[in-house]
>>> print(open('start.cif').read())   # mmCIF, C-alpha atoms and all ligand atoms
data_coords
loop_
_atom_site.label_atom_id
_atom_site.label_comp_id
_atom_site.auth_asym_id
_atom_site.auth_seq_id
_atom_site.Cartn_x
_atom_site.Cartn_y
_atom_site.Cartn_z
CA MET A 54 -7.46 -15.05 17.23
CA GLU A 55 -9.88 -15.95 14.40
CA ALA A 56 -10.54 -19.63 13.87
CA ARG A 57 -8.97 -21.20 10.77
CA HIS A 58 -11.40 -23.20 8.67
CA PHE A 59 -10.87 -25.82 5.98
CA LEU A 60 -13.88 -25.66 3.66
CA LYS A 61 -12.02 -26.17 0.39
CA VAL A 62 -8.47 -27.16 -0.56
CA THR A 63 -7.47 -23.58 -1.31
CA ASP A 64 -8.23 -22.52 2.26
CA LEU A 65 -4.66 -23.69 2.85
CA ALA A 66 -1.80 -21.89 1.16
CA LYS A 67 0.62 -24.00 -0.84
CA ALA A 68 3.21 -23.99 1.97
CA GLU A 69 0.53 -24.90 4.51
CA VAL A 70 -0.50 -27.91 2.44
CA GLU A 71 3.13 -29.03 2.52
CA THR A 72 3.24 -28.56 6.31
CA VAL A 73 0.13 -30.71 6.73
CA LEU A 74 1.42 -33.45 4.41
CA ILE A 75 4.79 -33.60 6.20
CA ALA A 76 3.01 -33.81 9.57
CA ALA A 77 0.73 -36.56 8.23
CA ALA A 78 3.77 -38.72 7.47
CA SER A 79 4.94 -38.16 11.01
CA TRP A 80 1.54 -39.09 12.50
CA LYS A 81 1.57 -42.23 10.36
CA LYS A 82 4.84 -43.31 12.02
CA GLN A 83 3.87 -42.25 15.57
CA PRO A 84 0.10 -42.27 15.92
CA LEU A 85 -0.46 -41.02 19.47
CA GLY A 86 -0.28 -37.41 20.65
CA SER A 87 -1.84 -34.87 22.98
CA VAL A 88 -2.66 -32.00 20.65
CA LEU A 89 -6.39 -32.36 21.40
CA GLN A 90 -5.98 -33.20 25.09
CA GLY A 91 -9.14 -32.06 26.89
CA LYS A 92 -10.77 -30.95 23.63
CA THR A 93 -13.98 -32.08 21.98
CA VAL A 94 -14.58 -32.25 18.24
CA ALA A 95 -18.17 -32.36 16.94
CA LEU A 96 -18.60 -34.62 13.92
CA VAL A 97 -21.86 -33.63 12.23
CA PHE A 98 -23.07 -35.95 9.49
CA GLY A 99 -26.01 -35.27 7.17
CA LYS A 100 -24.99 -38.02 4.73
CA PRO A 101 -23.75 -41.58 5.27
CA SER A 102 -20.06 -42.20 5.87
CA THR A 103 -17.71 -45.02 6.80
CA ARG A 104 -14.18 -43.68 6.23
CA THR A 105 -14.71 -40.06 7.18
CA ARG A 106 -16.68 -40.76 10.31
CA VAL A 107 -14.42 -43.52 11.60
CA SER A 108 -11.12 -41.87 10.65
CA PHE A 109 -12.07 -38.56 12.29
CA SER A 110 -13.38 -40.35 15.40
CA VAL A 111 -10.26 -42.46 15.78
CA GLY A 112 -8.03 -39.51 14.88
CA VAL A 113 -9.50 -37.23 17.55
CA TYR A 114 -9.14 -40.02 20.12
CA GLN A 115 -5.52 -40.69 19.14
CA LEU A 116 -4.78 -36.98 19.59
CA GLY A 117 -6.13 -37.10 23.15
CA GLY A 118 -9.52 -35.51 22.45
CA MET A 119 -13.12 -36.65 22.46
CA PRO A 120 -15.04 -37.09 19.22
CA LEU A 121 -18.75 -36.30 19.47
CA ALA A 122 -20.63 -37.89 16.56
CA LEU A 123 -23.89 -36.13 15.74
CA SER A 124 -26.44 -36.87 13.07
CA GLU A 125 -27.64 -33.74 11.30
CA GLN A 126 -31.16 -35.21 11.23
CA GLU A 127 -31.21 -35.46 15.01
CA LEU A 128 -30.05 -31.90 15.58
CA GLN A 129 -32.45 -28.97 15.68
CA MET A 130 -30.69 -27.56 12.59
CA ARG A 131 -32.74 -29.83 10.33
CA ARG A 132 -35.99 -28.78 12.04
CA SER A 133 -36.07 -25.07 12.59
CA GLU A 134 -32.81 -23.81 14.08
CA SER A 135 -30.68 -21.80 11.70
CA ILE A 136 -27.18 -22.85 10.64
CA GLU A 137 -25.95 -19.57 12.13
CA ASP A 138 -27.40 -20.28 15.58
CA THR A 139 -26.18 -23.87 15.42
CA ALA A 140 -22.67 -22.55 14.76
CA ARG A 141 -22.87 -20.11 17.68
CA VAL A 142 -24.13 -22.77 20.09
CA LEU A 143 -21.77 -25.58 19.07
CA SER A 144 -18.86 -23.14 19.37
CA ARG A 145 -19.70 -22.72 23.08
CA TYR A 146 -19.29 -26.47 23.70
CA VAL A 147 -16.72 -27.88 21.31
CA ASP A 148 -13.26 -26.97 20.02
CA ALA A 149 -13.82 -27.81 16.35
CA ILE A 150 -16.66 -28.84 14.05
CA VAL A 151 -16.31 -31.39 11.27
CA ILE A 152 -19.36 -31.41 9.01
CA ARG A 153 -20.60 -33.50 6.08
CA THR A 154 -23.68 -32.08 4.44
CA PHE A 155 -25.21 -31.22 1.07
CA ALA A 156 -24.77 -27.53 0.22
CA GLN A 157 -21.32 -25.93 0.32
CA ARG A 158 -23.16 -22.73 1.24
CA ASP A 159 -24.33 -24.32 4.51
CA VAL A 160 -20.76 -25.19 5.48
CA GLU A 161 -19.69 -21.64 4.62
CA ASP A 162 -22.52 -20.19 6.73
CA LEU A 163 -21.60 -22.47 9.61
CA ALA A 164 -17.96 -21.36 9.42
CA ALA A 165 -18.92 -17.69 9.14
CA HIS A 166 -20.72 -17.87 12.48
CA ALA A 167 -18.53 -20.39 14.34
CA THR A 168 -15.73 -19.25 16.60
CA VAL A 169 -13.97 -22.63 16.35
CA PRO A 170 -12.39 -24.27 13.28
CA VAL A 171 -14.84 -25.86 10.83
CA ILE A 172 -13.69 -28.70 8.55
CA ASN A 173 -15.60 -29.70 5.44
CA ALA A 174 -15.99 -33.48 5.50
CA LEU A 175 -17.76 -33.46 2.07
CA THR A 176 -20.39 -31.34 0.42
CA ASP A 177 -22.00 -31.62 -3.01
CA ASP A 178 -19.21 -29.35 -4.34
CA ASP A 179 -16.03 -30.33 -2.50
CA HIS A 180 -14.26 -33.12 -0.64
CA PRO A 181 -11.07 -31.40 0.49
CA CYS A 182 -9.98 -33.86 3.22
CA GLN A 183 -10.13 -36.63 0.63
CA ALA A 184 -8.07 -34.59 -1.83
CA LEU A 185 -5.26 -33.88 0.65
CA THR A 186 -5.18 -37.60 1.36
CA ASP A 187 -5.09 -38.45 -2.35
CA VAL A 188 -2.02 -36.28 -2.89
CA PHE A 189 -0.40 -37.74 0.24
CA THR A 190 -1.01 -41.28 -1.04
CA PHE A 191 0.29 -40.43 -4.51
CA ARG A 192 3.48 -38.94 -3.05
CA GLU A 193 3.92 -41.94 -0.78
CA ARG A 194 4.09 -44.12 -3.91
CA PHE A 195 5.97 -41.52 -5.98
CA PRO A 196 8.32 -39.32 -3.96
CA ASP A 197 9.18 -37.72 -7.32
CA ALA A 198 5.49 -36.79 -7.77
CA SER A 199 6.09 -33.32 -9.14
CA GLY A 200 5.32 -33.26 -12.85
CA ARG A 201 3.73 -36.71 -12.82
CA LYS A 202 0.14 -37.00 -14.01
CA ILE A 203 -3.03 -38.27 -12.31
CA VAL A 204 -5.97 -39.04 -14.59
CA TYR A 205 -9.42 -38.82 -13.03
CA LEU A 206 -11.92 -40.95 -14.93
CA GLY A 207 -15.69 -40.58 -14.74
CA ASP A 208 -18.10 -38.09 -13.26
CA GLY A 209 -17.07 -34.46 -12.80
CA ASN A 210 -18.07 -34.36 -9.14
CA ASN A 211 -16.94 -32.99 -5.76
CA VAL A 212 -14.04 -35.48 -5.52
CA ALA A 213 -12.76 -34.51 -8.99
CA ALA A 214 -12.97 -30.81 -8.15
CA SER A 215 -11.03 -31.03 -4.90
CA LEU A 216 -8.50 -33.47 -6.37
CA ALA A 217 -7.77 -31.09 -9.24
CA GLU A 218 -7.25 -28.21 -6.80
CA ALA A 219 -4.96 -30.28 -4.59
CA CYS A 220 -2.90 -31.40 -7.60
CA ALA A 221 -2.51 -27.83 -8.83
CA LEU A 222 -1.28 -26.76 -5.38
CA THR A 223 1.24 -29.58 -5.05
CA GLY A 224 2.90 -29.69 -8.48
CA ILE A 225 1.02 -32.69 -9.88
CA ASP A 226 -0.50 -32.61 -13.36
CA ILE A 227 -4.17 -33.55 -13.50
CA CYS A 228 -6.25 -34.69 -16.44
CA LEU A 229 -10.01 -35.02 -16.13
CA SER A 230 -11.35 -37.67 -18.49
CA VAL A 231 -15.04 -36.95 -18.25
CA PRO A 232 -17.77 -37.42 -20.86
CA GLU A 233 -19.46 -34.40 -22.35
CA GLY A 234 -22.30 -33.23 -20.11
CA TYR A 235 -20.62 -34.40 -16.89
CA ASP A 236 -17.92 -31.75 -16.55
CA LEU A 237 -17.30 -29.71 -13.44
CA PRO A 238 -19.25 -26.44 -13.35
CA PRO A 239 -17.65 -23.78 -15.60
CA GLY A 240 -16.78 -21.54 -12.63
CA LYS A 241 -14.90 -24.39 -10.95
CA MET A 242 -13.04 -25.21 -14.19
CA THR A 243 -11.88 -21.60 -14.43
CA GLU A 244 -10.74 -21.55 -10.79
CA ILE A 245 -8.74 -24.76 -11.27
CA GLN A 246 -7.19 -23.53 -14.51
CA THR A 247 -6.16 -20.27 -12.80
CA LEU A 248 -4.67 -22.20 -9.89
CA ALA A 249 -2.80 -24.57 -12.23
CA ASN A 250 -1.44 -21.65 -14.28
CA ALA A 251 -0.29 -19.86 -11.13
CA ASN A 252 1.55 -22.98 -9.96
CA GLY A 253 2.89 -24.09 -13.33
CA THR A 254 1.07 -27.43 -13.30
CA GLY A 255 -0.88 -29.14 -16.07
CA PHE A 256 -4.67 -29.16 -16.08
CA GLN A 257 -6.38 -30.80 -19.00
CA VAL A 258 -9.70 -32.31 -20.07
CA GLU A 259 -9.50 -35.33 -22.40
CA ARG A 260 -12.78 -36.95 -23.42
CA ASP A 261 -11.10 -40.09 -24.80
CA PRO A 262 -10.10 -42.24 -21.80
CA THR A 263 -7.52 -44.28 -23.74
CA ALA A 264 -5.78 -41.09 -24.88
CA ALA A 265 -6.07 -39.59 -21.38
CA VAL A 266 -4.28 -42.42 -19.54
CA ALA A 267 -1.15 -42.39 -21.73
CA GLY A 268 1.77 -41.33 -19.54
CA ALA A 269 -0.31 -41.33 -16.33
CA SER A 270 1.17 -42.40 -12.99
CA ALA A 271 -2.24 -42.88 -11.37
CA LEU A 272 -5.75 -43.57 -12.58
CA TYR A 273 -8.42 -42.38 -10.18
CA THR A 274 -12.15 -42.94 -10.22
CA ASP A 275 -15.23 -42.45 -8.03
CA VAL A 276 -18.81 -43.69 -7.98
CA TRP A 277 -20.92 -42.62 -10.94
CA ILE A 278 -24.03 -41.76 -8.88
CA SER A 279 -23.03 -39.64 -5.88
CA MET A 280 -24.79 -39.58 -2.51
CA GLY A 281 -28.12 -37.80 -2.72
CA GLN A 282 -28.40 -38.26 -6.52
CA GLU A 283 -31.18 -40.30 -8.12
CA SER A 284 -30.15 -43.40 -10.11
CA ASP A 285 -29.68 -42.34 -13.73
CA SER A 286 -29.29 -44.99 -16.45
CA ALA A 287 -28.32 -42.45 -19.13
CA LYS A 288 -25.47 -41.23 -16.94
CA VAL A 289 -24.29 -44.78 -16.26
CA GLU A 290 -24.23 -45.52 -20.00
CA ALA A 291 -22.28 -42.31 -20.73
CA LEU A 292 -19.73 -43.19 -18.04
CA ARG A 293 -19.29 -46.86 -18.94
CA PRO A 294 -16.33 -46.27 -21.33
CA TYR A 295 -14.54 -44.56 -18.41
CA GLN A 296 -14.49 -47.69 -16.21
CA LEU A 297 -11.13 -48.16 -14.48
CA ASN A 298 -10.22 -51.64 -15.68
CA ASP A 299 -7.09 -53.62 -16.53
CA ASP A 300 -7.20 -52.56 -20.15
CA LEU A 301 -7.00 -48.86 -19.23
CA LEU A 302 -4.44 -49.46 -16.50
CA ARG A 303 -2.18 -51.30 -18.98
CA ARG A 304 -2.16 -48.18 -21.19
CA ALA A 305 -0.83 -46.00 -18.35
CA ARG A 306 2.81 -45.95 -17.20
CA PRO A 307 4.09 -49.41 -16.12
CA GLU A 308 4.38 -48.23 -12.49
CA ALA A 309 0.94 -46.54 -12.48
CA ILE A 310 -1.35 -47.09 -9.50
CA ALA A 311 -5.15 -47.18 -9.15
CA LEU A 312 -6.90 -44.83 -6.75
CA HIS A 313 -10.52 -44.67 -5.57
CA CYS A 314 -11.86 -42.64 -2.66
CA LEU A 315 -14.38 -45.42 -1.83
CA PRO A 316 -17.01 -46.70 -1.39
CA ALA A 317 -16.64 -48.48 -4.73
CA HIS A 318 -19.35 -49.93 -6.91
CA ARG A 319 -17.30 -52.84 -8.18
CA GLY A 320 -18.14 -53.72 -11.76
CA ASP A 321 -19.28 -50.17 -12.52
CA GLU A 322 -16.59 -47.50 -12.21
CA ILE A 323 -13.85 -49.99 -11.22
CA THR A 324 -13.35 -53.72 -11.71
CA ASP A 325 -12.49 -56.32 -9.06
CA GLU A 326 -9.24 -57.04 -10.91
CA VAL A 327 -8.05 -53.47 -10.46
CA MET A 328 -9.39 -52.97 -6.91
CA ASP A 329 -7.75 -56.18 -5.69
CA GLY A 330 -4.78 -56.13 -8.05
CA PRO A 331 -1.12 -55.39 -7.31
CA ARG A 332 -1.36 -51.82 -8.54
CA SER A 333 -4.27 -50.85 -6.31
CA ALA A 334 -3.50 -48.23 -3.65
CA VAL A 335 -7.11 -47.79 -2.60
CA PHE A 336 -6.86 -49.26 0.88
CA ASP A 337 -3.68 -47.31 1.66
CA GLN A 338 -5.62 -44.29 0.45
CA ALA A 339 -8.46 -45.12 2.86
CA GLU A 340 -6.02 -45.58 5.75
CA ASN A 341 -4.29 -42.31 4.97
CA ARG A 342 -7.47 -40.35 5.68
CA LEU A 343 -6.68 -40.95 9.36
CA HIS A 344 -3.12 -39.62 9.23
CA VAL A 345 -3.84 -36.63 7.03
CA GLN A 346 -6.88 -35.50 9.02
CA LYS A 347 -4.90 -35.72 12.27
CA ALA A 348 -2.30 -33.46 10.71
CA LEU A 349 -5.03 -31.12 9.49
CA MET A 350 -6.75 -30.90 12.88
CA SER A 351 -3.40 -30.32 14.60
CA PHE A 352 -2.60 -27.57 12.12
CA LEU A 353 -5.94 -25.80 12.40
CA LEU A 354 -6.15 -26.01 16.18
CA GLU A 355 -2.53 -25.73 17.19
CA GLY A 356 -0.45 -24.50 14.27
CA ASP A 357 1.96 -27.16 13.01
CA ARG A 358 2.86 -28.53 16.46
CA ARG A 359 2.61 -32.31 16.68
N1 LIG A 401 -14.28 -41.45 0.81
C1 LIG A 401 -15.19 -41.15 1.74
O1 LIG A 401 -15.44 -39.96 2.07
O2 LIG A 401 -15.74 -42.24 2.34
P1 LIG A 401 -17.04 -42.21 3.27
O3 LIG A 401 -18.18 -41.67 2.44
O4 LIG A 401 -17.25 -43.62 3.71
O5 LIG A 401 -16.75 -41.29 4.42
#
>>> encode(input="start.cif", output="structure tokens", more="lines below")
Ligand code: CP
Amino acid sequence: MEARHFLKVTDLAKAEVETVLIAAASWKKQPLGSVLQGKTVALVFGKPSTRTRVSFSVGVYQLGGMPLALSEQELQMRRSESIEDTARVLSRYVDAIVIRTFAQRDVEDLAAHATVPVINALTDDDHPCQALTDVFTFRERFPDASGRKIVYLGDGNNVAASLAEACALTGIDICLSVPEGYDLPPGKMTEIQTLANANGTGFQVERDPTAAVAGASALYTDVWISMGQESDSAKVEALRPYQLNDDLLRRARPEAIALHCLPAHRGDEITDEVMDGPRSAVFDQAENRLHVQKALMSFLLEGDRR
């Protein structure tokens, strides 16, 4: 049987996303299982991580398996060994590979030559594990999530792209409030629009953040300068009006929540008042990475058995 990979949100069909989200709720209630009993999961990191690394490590352990954390810089793949050969070799030792790296193409090449499931733990283009978790967290707060709107404020980055795809697949409207010049790549915008049309969900770009947040049930933001990017004062200035602060939150629906994938640069893209305020769901969101990724690993390795 061919290994199932999760390199972008749309690698799961709509019904499969639902299966994973239902299982995640179950793992949240009963954390221990044996789905990965006797199995090893390689966690390959080429960029820093707190949440992804720790939640995958703990998740594999709680499922009865052994997490094997590897730094990309310490592997031969960053010296001279090809991604393809790395995939072939790791597949002989481990039962799944979780990888965080720069180019989406590298993750695709790894998956193309691996015989075990490969999970994208963030690339420059996508952050699909985060996006599944974001939808899970939104639904936890709003069981009537279908037709509600999430507004993403700030930089059109990997988190925004995967979030928009996950919303389109799960019946949630998404509005990207991004300044001109910081949009998602045109090809990605077209893919998301096509996905939203096929699923009957709203997908919109609104440059004016105060107009964007009207009617929103969640305001979501991410760091303005992503990992691997140089500091850029022009970008920071362009993004400043998109800060997630109390003023913007007040303009959303009264029950609206604040989301952030973390790490946060407090005082830039989000204020202390919002992060620590009563409408913040950011730490639930961080916790939920654990439950959702356990459900995802169980699904990819074992079908939907828990
Ligand atoms: N949100 C997220 O991926 O966090 P880390 O970079 O700490 O893994």
>>> residues_near_ligand(input="start.cif", ligand="ligand LIG 401 (chain A)", cutoff="6 Å", atoms="all atoms listed in the file", output="list in words")
Ser102, Thr103, Arg104, Thr105, Arg106, Cys314, Leu315 and Pro316 of chain A
>>> residues_around(input="start.cif", residues="range 200-207 of chain A", least_positions_apart="5", cutoff="9 Å", atoms="all atoms listed in the file", output="VMD selection string")
chain A and resid 191 195 213 216 to 217 220 224 to 232 235 254 to 255 262 265 to 266 268 to 277 292 to 297 322
>>> atom_distance(input="start.cif", atom1="CA of Ala56 in chain A", atom2="CA of Met350 in chain A")
11.9 Å
>>> residues_around(input="start.cif", residues="Ser215 in chain A", least_positions_apart="4", cutoff="6 Å", atoms="only C-alpha atoms", output="list in words")
Asp179, His180, Pro181 and Ala184 of chain A
>>> closest_residue(input="start.cif", among="A:Asn298, A:Asp337, A:Arg260, A:Glu71", to="Asp325 in chain A", atoms="only C-alpha atoms")
A:Asn298
>>> residues_around(input="start.cif", residues="range 127-140 of chain A", least_positions_apart="6", cutoff="10 Å", atoms="only C-alpha atoms", output="PyMOL selection string")
chain A and resi 97-99+150+159-169+171
>>> atom_distance(input="start.cif", atom1="CA of Ser351 in chain A", atom2="CA of Glu218 in chain A")
21.8 Å
>>> residues_around(input="start.cif", residues="Leu349 in chain A", least_positions_apart="5", cutoff="12 Å", atoms="all atoms listed in the file", output="ChimeraX atom specification")
/A:57-60,62,64-65,69-78,80,88,109,112-113,116,149,151,170-174,181-183,185-186,342-344,354-359
>>> atom_distance(input="start.cif", atom1="CA of Tyr146 in chain A", atom2="CA of Thr93 in chain A")
7.9 Å
